[in-house]
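Trainee: Pasting protein-v3.csv below, which is CSV, C-alpha atoms and all ligand atoms.
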```
chain,number,residue,atom,x,y,z
B,10,MET,CA,-8.6,-50.9,7.1
B,11,SER,CA,-10.4,-52.5,4.1
B,12,ARG,CA,-8.9,-55.2,2.0
B,13,VAL,CA,-7.2,-54.6,-1.3
B,14,ALA,CA,-6.6,-57.0,-4.2
B,15,TYR,CA,-4.0,-56.9,-7.0
B,16,VAL,CA,-5.7,-57.3,-10.4
B,17,ASN,CA,-3.8,-57.0,-13.7
B,18,GLY,CA,-1.4,-54.3,-12.5
B,19,GLN,CA,-3.7,-52.3,-10.2
B,20,TYR,CA,-4.5,-52.4,-6.5
B,21,VAL,CA,-8.3,-52.2,-6.1
B,22,PRO,CA,-10.7,-52.5,-3.2
B,23,HIS,CA,-11.3,-56.2,-2.6
B,24,SER,CA,-15.1,-55.8,-2.7
B,25,ARG,CA,-14.9,-54.4,-6.3
B,26,ALA,CA,-12.0,-56.6,-7.6
B,27,ALA,CA,-13.1,-58.3,-10.8
B,28,VAL,CA,-11.9,-60.0,-14.1
B,29,HIS,CA,-13.7,-59.9,-17.4
B,30,ILE,CA,-16.6,-62.3,-18.1
B,31,GLU,CA,-14.5,-63.8,-21.0
B,32,ASP,CA,-11.5,-64.4,-18.8
B,33,ARG,CA,-10.5,-68.0,-19.6
B,34,GLY,CA,-10.0,-68.7,-15.9
B,35,PHE,CA,-13.7,-68.0,-15.5
B,36,GLN,CA,-14.9,-69.8,-18.6
B,37,PHE,CA,-12.6,-72.8,-18.8
B,38,ALA,CA,-10.7,-73.0,-15.4
B,39,ASP,CA,-7.8,-72.2,-17.7
B,40,GLY,CA,-5.5,-71.0,-15.0
B,41,VAL,CA,-3.1,-71.9,-12.2
B,42,TYR,CA,-2.7,-70.8,-8.6
B,43,GLU,CA,-0.5,-70.9,-5.5
B,44,VAL,CA,-1.3,-70.4,-1.8
B,45,CYS,CA,1.6,-69.4,0.6
B,46,GLU,CA,1.4,-69.2,4.3
B,47,ILE,CA,2.4,-65.9,6.0
B,48,TRP,CA,3.8,-66.6,9.4
B,49,ASN,CA,5.1,-64.0,11.8
B,50,GLY,CA,5.6,-61.5,9.0
B,51,THR,CA,7.4,-63.9,6.7
B,52,VAL,CA,6.3,-65.8,3.6
B,53,VAL,CA,6.8,-69.5,4.2
B,54,ASP,CA,8.7,-71.4,1.5
B,55,MET,CA,8.1,-68.6,-1.0
B,56,GLU,CA,10.8,-69.7,-3.6
B,57,PRO,CA,9.6,-73.3,-3.9
B,58,HIS,CA,6.0,-72.0,-4.3
B,59,LEU,CA,7.1,-69.6,-7.1
B,60,ASP,CA,9.1,-72.5,-8.7
B,61,ARG,CA,6.0,-74.6,-8.7
B,62,LEU,CA,3.9,-71.7,-10.1
B,63,ASP,CA,6.5,-71.5,-13.0
B,64,ARG,CA,6.2,-75.2,-13.6
B,65,SER,CA,2.4,-75.1,-13.6
B,66,LEU,CA,2.5,-72.3,-16.2
B,67,ARG,CA,5.0,-74.2,-18.3
B,68,GLU,CA,3.0,-77.4,-18.2
B,69,LEU,CA,-0.1,-75.5,-19.6
B,70,SER,CA,2.0,-73.3,-22.0
B,71,ILE,CA,0.8,-70.1,-20.3
B,72,LYS,CA,3.5,-67.5,-20.6
B,73,SER,CA,4.8,-66.1,-17.3
B,74,PRO,CA,3.4,-62.6,-16.9
B,75,MET,CA,6.3,-61.1,-15.0
B,76,SER,CA,9.7,-61.7,-13.6
B,77,ARG,CA,10.3,-63.3,-10.3
B,78,ALA,CA,11.5,-60.0,-8.8
B,79,ALA,CA,8.3,-58.2,-10.0
B,80,PHE,CA,6.2,-61.0,-8.5
B,81,ILE,CA,7.9,-60.8,-5.2
B,82,ARG,CA,7.3,-57.0,-5.2
B,83,VAL,CA,3.6,-57.5,-5.8
B,84,MET,CA,3.4,-60.1,-3.1
B,85,ARG,CA,5.1,-57.8,-0.6
B,86,GLU,CA,2.8,-54.9,-1.6
B,87,THR,CA,-0.3,-57.1,-1.4
B,88,ILE,CA,0.7,-58.4,2.0
B,89,GLU,CA,1.6,-54.9,3.3
B,90,LYS,CA,-1.6,-53.2,2.0
B,91,ASN,CA,-3.7,-55.8,3.7
B,92,ARG,CA,-1.6,-55.6,6.9
B,93,VAL,CA,-1.2,-59.3,7.1
B,94,LYS,CA,1.2,-60.7,9.7
B,95,ASN,CA,-0.2,-64.2,9.9
B,96,GLY,CA,-2.4,-65.6,7.2
B,97,LEU,CA,-2.3,-66.5,3.5
B,98,ILE,CA,-1.4,-65.0,0.1
B,99,TYR,CA,-3.2,-66.3,-2.9
B,100,ILE,CA,-1.8,-65.9,-6.5
B,101,GLN,CA,-3.8,-66.8,-9.6
B,102,ILE,CA,-2.7,-66.6,-13.2
B,103,ASN,CA,-5.2,-67.2,-16.0
B,104,ARG,CA,-4.5,-67.6,-19.7
B,105,GLY,CA,-6.2,-64.2,-20.3
B,106,VAL,CA,-9.3,-62.7,-21.9
B,107,ALA,CA,-10.4,-63.6,-25.3
B,108,ARG,CA,-13.7,-64.4,-27.2
B,109,ARG,CA,-14.9,-67.8,-25.9
B,110,ASP,CA,-13.2,-70.5,-28.0
B,111,HIS,CA,-11.6,-73.6,-26.7
B,112,TYR,CA,-8.3,-73.1,-28.7
B,113,PHE,CA,-5.6,-71.0,-27.0
B,114,PRO,CA,-6.0,-67.3,-27.9
B,115,SER,CA,-3.3,-65.5,-29.9
B,116,ALA,CA,0.1,-65.1,-28.3
B,117,ASN,CA,-0.5,-61.4,-27.7
B,118,VAL,CA,-3.3,-62.0,-25.2
B,119,ALA,CA,-1.8,-61.2,-21.8
B,120,PRO,CA,-2.4,-63.6,-18.9
B,121,SER,CA,-4.5,-62.3,-16.0
B,122,VAL,CA,-2.8,-61.9,-12.7
B,123,ILE,CA,-4.7,-61.8,-9.4
B,124,LEU,CA,-3.3,-61.6,-5.9
B,125,THR,CA,-5.2,-61.5,-2.6
B,126,SER,CA,-4.0,-61.8,1.0
B,127,ARG,CA,-5.9,-62.3,4.2
B,128,SER,CA,-5.2,-62.7,7.9
B,129,VAL,CA,-5.8,-65.9,9.8
B,130,ASP,CA,-6.1,-65.7,13.6
B,131,PRO,CA,-3.1,-67.6,14.9
B,132,VAL,CA,-4.9,-68.5,18.2
B,133,LYS,CA,-7.8,-70.1,16.3
B,134,LYS,CA,-5.3,-71.9,14.0
B,135,ALA,CA,-3.4,-73.3,17.0
B,136,ALA,CA,-6.7,-74.4,18.5
B,137,ALA,CA,-7.7,-76.3,15.3
B,138,GLY,CA,-4.3,-78.0,15.2
B,139,ALA,CA,-4.6,-79.0,18.9
B,140,ALA,CA,-8.0,-80.5,18.3
B,141,GLY,CA,-7.2,-82.4,15.1
B,142,ILE,CA,-9.6,-83.2,12.3
B,143,ARG,CA,-11.8,-85.9,11.0
B,144,VAL,CA,-11.7,-87.1,7.4
B,145,VAL,CA,-13.9,-89.1,5.1
B,146,THR,CA,-12.8,-91.1,2.1
B,147,THR,CA,-14.2,-90.6,-1.4
B,148,PRO,CA,-13.5,-92.2,-4.8
B,149,GLU,CA,-10.7,-90.5,-6.9
B,150,ASN,CA,-12.4,-88.9,-9.8
B,151,ARG,CA,-10.0,-86.3,-11.0
B,152,TRP,CA,-7.9,-86.1,-14.2
B,153,ASP,CA,-4.4,-87.6,-14.2
B,154,ARG,CA,-2.5,-84.3,-14.1
B,155,VAL,CA,-3.3,-83.2,-10.6
B,156,ASP,CA,0.4,-82.5,-10.2
B,157,ILE,CA,-0.4,-79.2,-12.0
B,158,LYS,CA,-1.9,-76.7,-9.6
B,159,THR,CA,-4.8,-75.6,-11.8
B,160,VAL,CA,-7.9,-73.8,-10.6
B,161,GLY,CA,-10.0,-76.7,-12.0
B,162,LEU,CA,-11.0,-77.8,-8.5
B,163,LEU,CA,-14.6,-78.9,-8.9
B,164,PRO,CA,-14.0,-82.5,-7.8
B,165,ASN,CA,-12.0,-81.2,-4.8
B,166,VAL,CA,-14.9,-78.8,-4.0
B,167,LEU,CA,-17.5,-81.6,-4.1
B,168,ALA,CA,-15.3,-83.9,-2.1
B,169,LYS,CA,-14.7,-81.3,0.6
B,170,GLN,CA,-18.3,-80.5,0.8
B,171,LYS,CA,-19.1,-84.2,1.2
B,172,ALA,CA,-16.7,-84.1,4.2
B,173,LYS,CA,-18.3,-81.0,5.6
B,174,ASP,CA,-21.8,-82.5,5.3
B,175,ALA,CA,-20.5,-85.6,7.2
B,176,GLY,CA,-19.2,-83.3,10.0
B,177,ALA,CA,-15.5,-83.8,8.9
B,178,LYS,CA,-13.0,-81.3,7.6
B,179,GLU,CA,-11.2,-83.1,4.8
B,180,ALA,CA,-11.9,-85.7,2.1
B,181,TRP,CA,-9.2,-88.3,1.1
B,182,PHE,CA,-9.4,-89.4,-2.5
B,183,VAL,CA,-9.0,-93.2,-2.9
B,184,ASP,CA,-8.0,-94.6,-6.3
B,185,ASN,CA,-9.6,-97.7,-7.8
B,186,GLU,CA,-7.0,-100.0,-6.3
B,187,GLY,CA,-7.9,-98.8,-2.8
B,188,PHE,CA,-4.9,-96.6,-2.3
B,189,VAL,CA,-5.2,-93.1,-0.8
B,190,THR,CA,-4.0,-90.4,-3.3
B,191,GLU,CA,-4.3,-87.1,-1.4
B,192,GLY,CA,-6.8,-84.9,0.4
B,193,GLY,CA,-9.1,-82.3,-1.3
B,194,SER,CA,-6.6,-79.6,-0.5
B,195,THR,CA,-3.8,-81.5,1.4
B,196,ASN,CA,-1.2,-84.3,1.2
B,197,VAL,CA,-1.7,-87.3,3.4
B,198,TRP,CA,0.8,-88.9,5.9
B,199,LEU,CA,0.8,-91.9,8.2
B,200,VAL,CA,2.9,-92.5,11.3
B,201,LEU,CA,4.0,-96.1,11.9
B,202,PRO,CA,6.0,-97.8,14.7
B,203,GLY,CA,9.7,-97.2,14.7
B,204,LYS,CA,9.7,-93.5,13.8
B,205,VAL,CA,8.5,-94.3,10.3
B,206,LEU,CA,6.4,-91.8,8.2
B,207,VAL,CA,4.6,-92.9,5.0
B,208,THR,CA,3.4,-90.6,2.3
B,209,ARG,CA,2.4,-91.3,-1.3
B,210,PRO,CA,5.2,-90.7,-4.0
B,211,ALA,CA,4.7,-87.4,-5.7
B,212,ASP,CA,3.9,-88.8,-9.2
B,213,HIS,CA,1.2,-87.4,-11.4
B,214,GLY,CA,-1.5,-88.7,-9.0
B,215,ILE,CA,-1.0,-86.0,-6.4
B,216,LEU,CA,0.2,-82.4,-6.1
B,217,ARG,CA,3.8,-82.3,-5.0
B,218,GLY,CA,3.0,-80.3,-1.9
B,219,ILE,CA,5.6,-77.7,-0.8
B,220,THR,CA,4.7,-78.4,2.8
B,221,ARG,CA,5.2,-82.1,2.1
B,222,SER,CA,8.7,-81.5,0.8
B,223,THR,CA,9.5,-79.4,3.9
B,224,VAL,CA,8.1,-82.1,6.2
B,225,ILE,CA,10.2,-84.7,4.5
B,226,LYS,CA,13.3,-82.6,5.3
B,227,LEU,CA,12.2,-81.8,8.8
B,228,ALA,CA,11.3,-85.4,9.6
B,229,GLU,CA,14.6,-86.8,8.3
B,230,ALA,CA,16.5,-84.1,10.3
B,231,LYS,CA,14.6,-85.3,13.4
B,232,GLY,CA,15.5,-89.0,12.9
B,233,PHE,CA,12.4,-90.3,11.2
B,234,ARG,CA,12.5,-92.6,8.2
B,235,VAL,CA,10.3,-91.4,5.4
B,236,GLU,CA,8.8,-94.0,3.1
B,237,GLU,CA,7.4,-92.6,-0.1
B,238,ARG,CA,5.0,-95.4,-1.1
B,239,ARG,CA,1.3,-95.9,-1.7
B,240,PHE,CA,-0.9,-97.0,1.2
B,241,THR,CA,-4.5,-98.2,1.5
B,242,VAL,CA,-7.3,-96.9,3.6
B,243,ASP,CA,-7.1,-100.0,5.7
B,244,GLU,CA,-3.4,-99.4,6.5
B,245,ALA,CA,-4.2,-95.7,7.3
B,246,LYS,CA,-7.0,-96.9,9.7
B,247,GLN,CA,-4.4,-99.1,11.6
B,248,ALA,CA,-1.6,-96.5,11.7
B,249,LEU,CA,-0.4,-95.0,15.0
B,250,GLU,CA,-1.2,-91.6,13.7
B,251,ALA,CA,-2.2,-89.8,10.5
B,252,PHE,CA,-1.9,-86.1,9.5
B,253,VAL,CA,-2.3,-83.9,6.5
B,254,THR,CA,-0.1,-81.1,5.2
B,255,SER,CA,-0.7,-77.9,3.2
B,256,ALA,CA,0.3,-74.3,3.2
B,257,SER,CA,-2.8,-73.4,5.2
B,258,GLY,CA,-2.3,-76.2,7.8
B,259,PRO,CA,0.6,-76.6,7.7
B,260,ILE,CA,0.4,-79.9,9.7
B,261,MET,CA,-3.0,-81.0,10.8
B,262,PRO,CA,-3.5,-84.2,12.9
B,263,VAL,CA,-6.2,-86.6,11.7
B,264,ILE,CA,-8.1,-88.3,14.6
B,265,GLN,CA,-10.7,-90.2,12.6
B,266,ILE,CA,-11.0,-91.7,9.2
B,267,ASP,CA,-14.7,-92.4,8.2
B,268,ASP,CA,-16.0,-94.2,11.3
B,269,THR,CA,-12.7,-95.4,12.6
B,270,LYS,CA,-10.6,-93.6,15.2
B,271,VAL,CA,-6.9,-93.3,14.4
B,272,GLY,CA,-4.9,-94.6,17.4
B,273,ASP,CA,-6.8,-93.8,20.5
B,274,GLY,CA,-8.7,-91.0,18.8
B,275,ASN,CA,-6.5,-88.2,20.2
B,276,VAL,CA,-3.9,-86.0,18.5
B,277,GLY,CA,-0.7,-88.0,18.3
B,278,GLU,CA,2.7,-87.0,19.7
B,279,THR,CA,4.5,-87.2,16.3
B,280,ALA,CA,2.0,-84.8,14.6
B,281,LYS,CA,2.2,-82.5,17.6
B,282,PHE,CA,6.0,-82.5,17.5
B,283,LEU,CA,6.3,-81.9,13.7
B,284,ARG,CA,3.8,-79.2,13.9
B,285,LYS,CA,5.8,-77.5,16.7
B,286,SER,CA,9.1,-77.9,14.8
B,287,PHE,CA,7.9,-77.0,11.3
B,288,TYR,CA,9.2,-73.4,11.1
B,289,GLU,CA,12.7,-74.7,12.0
B,290,THR,CA,13.0,-76.2,8.6
B,291,ALA,CA,10.7,-74.1,6.4
B,292,GLN,CA,12.3,-71.2,4.5
B,293,LEU,CA,11.0,-67.9,6.0
B,294,THR,CA,11.3,-64.8,3.8
B,295,LYS,CA,10.8,-61.5,5.4
B,296,LEU,CA,9.3,-59.2,2.8
B,297,GLU,CA,8.8,-56.0,4.8
B,298,VAL,CA,11.5,-53.4,4.4
B,299,ALA,CA,12.2,-52.0,7.8
B,300,GLY,CA,11.2,-48.3,8.2
B,301,THR,CA,9.2,-48.1,4.9
B,302,MET,CA,5.6,-47.2,4.9
B,303,PRO,CA,3.3,-49.3,2.8
B,304,SER,CA,2.5,-47.3,-0.4
B,305,ARG,CA,-1.0,-46.0,-0.8
B,306,CYS,CA,-3.4,-47.8,-3.1
S,401,LIG,N1,-4.0,-76.6,-1.4
S,401,LIG,N2,-3.0,-81.3,-2.6
S,401,LIG,C1,-3.9,-80.5,-3.0
S,401,LIG,C2,-5.0,-81.0,-3.9
S,401,LIG,C3,-3.9,-79.1,-2.6
S,401,LIG,O1,-4.8,-78.3,-3.1
S,401,LIG,C4,-2.9,-78.7,-1.8
S,401,LIG,C5,-2.8,-77.3,-1.4
S,401,LIG,C6,-1.9,-79.6,-1.3
S,401,LIG,C7,-0.8,-79.2,-0.4
S,401,LIG,O2,0.2,-78.4,-1.1
S,401,LIG,P1,1.1,-77.3,-0.4
S,401,LIG,O3,1.7,-78.0,0.7
S,401,LIG,O4,2.0,-76.9,-1.4
S,401,LIG,O5,0.1,-76.2,0.1
S,401,LIG,C8,-2.0,-80.9,-1.7
S,401,LIG,C9,-4.0,-75.1,-1.1
S,401,LIG,C10,-3.5,-74.8,0.3
S,401,LIG,C11,-5.4,-74.6,-1.4
S,401,LIG,O6,-5.9,-75.0,-2.5
S,401,LIG,O7,-5.9,-73.8,-0.7
```
In structure tokens, how does this file's structure come out?
Ligand code: PDD

Mentor:
Amino acid sequence: MSRVAYVNGQYVPHSRAAVHIEDRGFQFADGVYEVCEIWNGTVVDMEPHLDRLDRSLRELSIKSPMSRAAFIRVMRETIEKNRVKNGLIYIQINRGVARRDHYFPSANVAPSVILTSRSVDPVKKAAAGAAGIRVVTTPENRWDRVDIKTVGLLPNVLAKQKAKDAGAKEAWFVDNEGFVTEGGSTNVWLVLPGKVLVTRPADHGILRGITRSTVIKLAEAKGFRVEERRFTVDEAKQALEAFVTSASGPIMPVIQIDDTKVGDGNVGETAKFLRKSFYETAQLTKLEVAGTMPSRC
């Protein structure tokens, strides 16, 4: 079954899905996005992801293109049409199509709406989680509103490619005072003695990860103390464990930072435990309606 994308009100074959050349997302990265995990036929933490999408739109004065109910319907249809049981759904909203001009277009230009969904092999994902990842550090060079989930991701792309070129999976941005901000597409965590977890406060310097918020709740429910404070690369290298969180992870153990092994260089018990327990705390929304056939595209 071939893949289908939702583009501006229509379901189209993924291979031919397109926006106009003067779409502002294309020309100015003038758009926002969300990625939600689909786990076992459910959307993970859907409402908080949609709340953050609304916030990103508000912060950039892009009008919301449709109601929450309509959004959820399109999400369900996109997932169903692509037969995704485990994987991701991607949502992007751009300011719209207009003659290239930096100023916002007139208010009657409709935002562009794109949704795609794809399967991820749960066995491969579990294997990646069991193996852990290596990360490299890189200077923070992004603007100071990375709390808005915009598609302006070039520094993240370059940082992650730097990681890949070094044989690692993720890059950690480090600010000019030596503190870790976040990963190229993840939030960063340390595990310290005494069941303590440390993660940077969600100020304007990082994205307030939805997975991060769920892990805070999960960890507290499991008797950990969560310290939201800044930490340096040196502190991270001396931590018992480190891990990163994101919708696509959701929890990925870190076994090496630059040339330094974290702990004994193996996946730590805390990351393993939180990874196993994650879906106890995450909100799981079942979107399939029992007995209904996916509508034809
Ligand atoms: N990235 N920080 C950055 C820079 C991110 O891009 C992401 C998510 C996160 C984690 O946020 P959340 O837990 O809400 O997924 C933190 C997505 C997965 C992506 O760009 O693919």

Trainee: Enumerate as JSON, numbers by chain the residues within 10 Å of ligand LIG 401 (chain S), counting all atoms listed in the file.

Mentor: {"B": [42, 43, 44, 45, 46, 54, 57, 58, 61, 97, 98, 99, 155, 156, 157, 158, 159, 160, 162, 164, 165, 166, 181, 182, 190, 191, 192, 193, 194, 195, 196, 197, 214, 215, 216, 217, 218, 219, 220, 221, 222, 223, 224, 253, 254, 255, 256, 257, 258, 259, 260]}

Trainee: Please compute the CA of Ile142 (chain B)-CA of Lys178 (chain B) distance, one decimal, in Å.

Mentor: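 That distance, rounded to one decimal, is 6.1 Å.
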
Trainee: Report, in Å with one decimal, the straight-line distance from CA of Ala211 (chain B) to CA of Leu66 (chain B).

Mentor: 18.5 Å

Trainee: If you count all atoms listed in the file, which residues fall within 9 Å of Asn91 (chain B), apart from same-chain ones fewer than 5 positions away, as a list of chain:residue names?

Mentor: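 Final neighbour list, sorted by chain and number: B:Met10, B:Ser11, B:Arg12, B:Val13, B:Ala14, B:Glu86, B:Thr125, B:Ser126, B:Arg127, B:Ser128.
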
Trainee: Please provide the set of residues having any atom within 7 Å of Asp267 (chain B), restricted to all atoms listed in the file, with same-chain residues fewer than 3 positions apart removed, written as a ChimeraX atom specification.

Mentor: /B:144-146

Trainee: Report the distance between CA of Thr147 (chain B) and CA of Lys204 (chain B) in Å, rounded to one decimal place.

Mentor: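 CA of Lys204 (chain B) lies 28.5 Å from CA of Thr147 (chain B).
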
Trainee: Tell me, as a ChimeraX atom specification, which residues lie within 10 Å of Lys246 (chain B), counting all atoms listed in the file; anything in the same chain fewer than 5 positions away does not count.

Mentor: /B:199,241,251,264-272

Trainee: Between B:Ala107, B:Val41, B:Pro202, B:Ala228, which residue has the minimum interatomic distance to Arg64 (chain B), considering only C-alpha atoms?

Mentor: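 Closest residue, counting only C-alpha atoms: B:Val41.
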
Trainee: Give me the residues near Gly277 (chain B) as a PyMOL selection string, where near means some atom within 8 Å (using only C-alpha atoms) and where sequence neighbours in that chain fewer than 2 positions away do not count.

Mentor: chain B and resi 249-250+262+272+275+279-281

Trainee: For the residues in the current selection, export C-alpha atoms as a PDB file, in the coordinates of the input.

Mentor:
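again19.pdb written:
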```
ATOM      1  CA  LEU B 249      -0.400 -95.000  15.000  1.00  0.00           C
ATOM      2  CA  GLU B 250      -1.200 -91.600  13.700  1.00  0.00           C
ATOM      3  CA  PRO B 262      -3.500 -84.200  12.900  1.00  0.00           C
ATOM      4  CA  GLY B 272      -4.900 -94.600  17.400  1.00  0.00           C
ATOM      5  CA  ASN B 275      -6.500 -88.200  20.200  1.00  0.00           C
ATOM      6  CA  THR B 279       4.500 -87.200  16.300  1.00  0.00           C
ATOM      7  CA  ALA B 280       2.000 -84.800  14.600  1.00  0.00           C
ATOM      8  CA  LYS B 281       2.200 -82.500  17.600  1.00  0.00           C
TER       9      LYS B 281
END
```

Trainee: Any chance you could turn region 120-137 of chain B into a file with N, CA, C and O atoms, as a PDB file, in the first residue's frame?

Mentor:
```
ATOM      1  N   PRO B 120      -3.085  29.650   5.719  1.00  0.00           N
ATOM      2  CA  PRO B 120      -1.889  28.854   6.037  1.00  0.00           C
ATOM      3  C   PRO B 120      -1.899  27.526   5.272  1.00  0.00           C
ATOM      4  O   PRO B 120      -2.959  26.998   4.944  1.00  0.00           O
ATOM      5  N   SER B 121      -0.711  26.997   4.978  1.00  0.00           N
ATOM      6  CA  SER B 121      -0.592  25.677   4.349  1.00  0.00           C
ATOM      7  C   SER B 121      -0.549  24.636   5.457  1.00  0.00           C
ATOM      8  O   SER B 121       0.093  24.840   6.483  1.00  0.00           O
ATOM      9  N   VAL B 122      -1.221  23.513   5.214  1.00  0.00           N
ATOM     10  CA  VAL B 122      -1.270  22.443   6.218  1.00  0.00           C
ATOM     11  C   VAL B 122      -0.829  21.138   5.580  1.00  0.00           C
ATOM     12  O   VAL B 122      -1.374  20.731   4.547  1.00  0.00           O
ATOM     13  N   ILE B 123       0.174  20.514   6.173  1.00  0.00           N
ATOM     14  CA  ILE B 123       0.724  19.265   5.622  1.00  0.00           C
ATOM     15  C   ILE B 123       0.803  18.233   6.746  1.00  0.00           C
ATOM     16  O   ILE B 123       1.323  18.538   7.825  1.00  0.00           O
ATOM     17  N   LEU B 124       0.307  17.040   6.490  1.00  0.00           N
ATOM     18  CA  LEU B 124       0.476  15.950   7.456  1.00  0.00           C
ATOM     19  C   LEU B 124       1.015  14.720   6.733  1.00  0.00           C
ATOM     20  O   LEU B 124       0.547  14.387   5.628  1.00  0.00           O
ATOM     21  N   THR B 125       1.975  14.064   7.336  1.00  0.00           N
ATOM     22  CA  THR B 125       2.468  12.783   6.825  1.00  0.00           C
ATOM     23  C   THR B 125       2.576  11.819   8.006  1.00  0.00           C
ATOM     24  O   THR B 125       2.656  12.251   9.162  1.00  0.00           O
ATOM     25  N   SER B 126       2.580  10.543   7.688  1.00  0.00           N
ATOM     26  CA  SER B 126       2.731   9.553   8.754  1.00  0.00           C
ATOM     27  C   SER B 126       3.511   8.377   8.193  1.00  0.00           C
ATOM     28  O   SER B 126       3.316   8.007   7.034  1.00  0.00           O
ATOM     29  N   ARG B 127       4.394   7.829   9.008  1.00  0.00           N
ATOM     30  CA  ARG B 127       5.153   6.681   8.527  1.00  0.00           C
ATOM     31  C   ARG B 127       5.395   5.678   9.643  1.00  0.00           C
ATOM     32  O   ARG B 127       5.433   6.044  10.834  1.00  0.00           O
ATOM     33  N   SER B 128       5.564   4.444   9.245  1.00  0.00           N
ATOM     34  CA  SER B 128       5.806   3.377  10.212  1.00  0.00           C
ATOM     35  C   SER B 128       7.271   3.365  10.630  1.00  0.00           C
ATOM     36  O   SER B 128       8.162   3.721   9.847  1.00  0.00           O
ATOM     37  N   VAL B 129       7.500   2.957  11.868  1.00  0.00           N
ATOM     38  CA  VAL B 129       8.856   2.687  12.363  1.00  0.00           C
ATOM     39  C   VAL B 129       8.819   1.270  12.924  1.00  0.00           C
ATOM     40  O   VAL B 129       7.887   0.921  13.654  1.00  0.00           O
ATOM     41  N   ASP B 130       9.797   0.476  12.578  1.00  0.00           N
ATOM     42  CA  ASP B 130       9.839  -0.916  13.019  1.00  0.00           C
ATOM     43  C   ASP B 130      10.118  -0.961  14.534  1.00  0.00           C
ATOM     44  O   ASP B 130      11.202  -0.556  14.973  1.00  0.00           O
ATOM     45  N   PRO B 131       9.154  -1.440  15.329  1.00  0.00           N
ATOM     46  CA  PRO B 131       9.359  -1.433  16.789  1.00  0.00           C
ATOM     47  C   PRO B 131      10.531  -2.304  17.239  1.00  0.00           C
ATOM     48  O   PRO B 131      11.151  -2.008  18.269  1.00  0.00           O
ATOM     49  N   VAL B 132      10.843  -3.320  16.464  1.00  0.00           N
ATOM     50  CA  VAL B 132      11.965  -4.201  16.851  1.00  0.00           C
ATOM     51  C   VAL B 132      13.283  -3.442  16.697  1.00  0.00           C
ATOM     52  O   VAL B 132      14.145  -3.445  17.592  1.00  0.00           O
ATOM     53  N   LYS B 133      13.413  -2.728  15.568  1.00  0.00           N
ATOM     54  CA  LYS B 133      14.642  -1.934  15.341  1.00  0.00           C
ATOM     55  C   LYS B 133      14.754  -0.816  16.375  1.00  0.00           C
ATOM     56  O   LYS B 133      15.833  -0.499  16.874  1.00  0.00           O
ATOM     57  N   LYS B 134      13.599  -0.225  16.705  1.00  0.00           N
ATOM     58  CA  LYS B 134      13.608   0.870  17.688  1.00  0.00           C
ATOM     59  C   LYS B 134      14.048   0.357  19.062  1.00  0.00           C
ATOM     60  O   LYS B 134      14.844   1.005  19.758  1.00  0.00           O
ATOM     61  N   ALA B 135      13.530  -0.809  19.430  1.00  0.00           N
ATOM     62  CA  ALA B 135      13.909  -1.401  20.720  1.00  0.00           C
ATOM     63  C   ALA B 135      15.406  -1.715  20.734  1.00  0.00           C
ATOM     64  O   ALA B 135      16.097  -1.496  21.743  1.00  0.00           O
ATOM     65  N   ALA B 136      15.906  -2.191  19.606  1.00  0.00           N
ATOM     66  CA  ALA B 136      17.334  -2.535  19.528  1.00  0.00           C
ATOM     67  C   ALA B 136      18.189  -1.270  19.676  1.00  0.00           C
ATOM     68  O   ALA B 136      19.216  -1.278  20.372  1.00  0.00           O
ATOM     69  N   ALA B 137      17.747  -0.177  19.050  1.00  0.00           N
ATOM     70  CA  ALA B 137      18.498   1.083  19.160  1.00  0.00           C
ATOM     71  C   ALA B 137      18.515   1.561  20.612  1.00  0.00           C
ATOM     72  O   ALA B 137      19.542   2.017  21.124  1.00  0.00           O
TER      73      ALA B 137
END
```
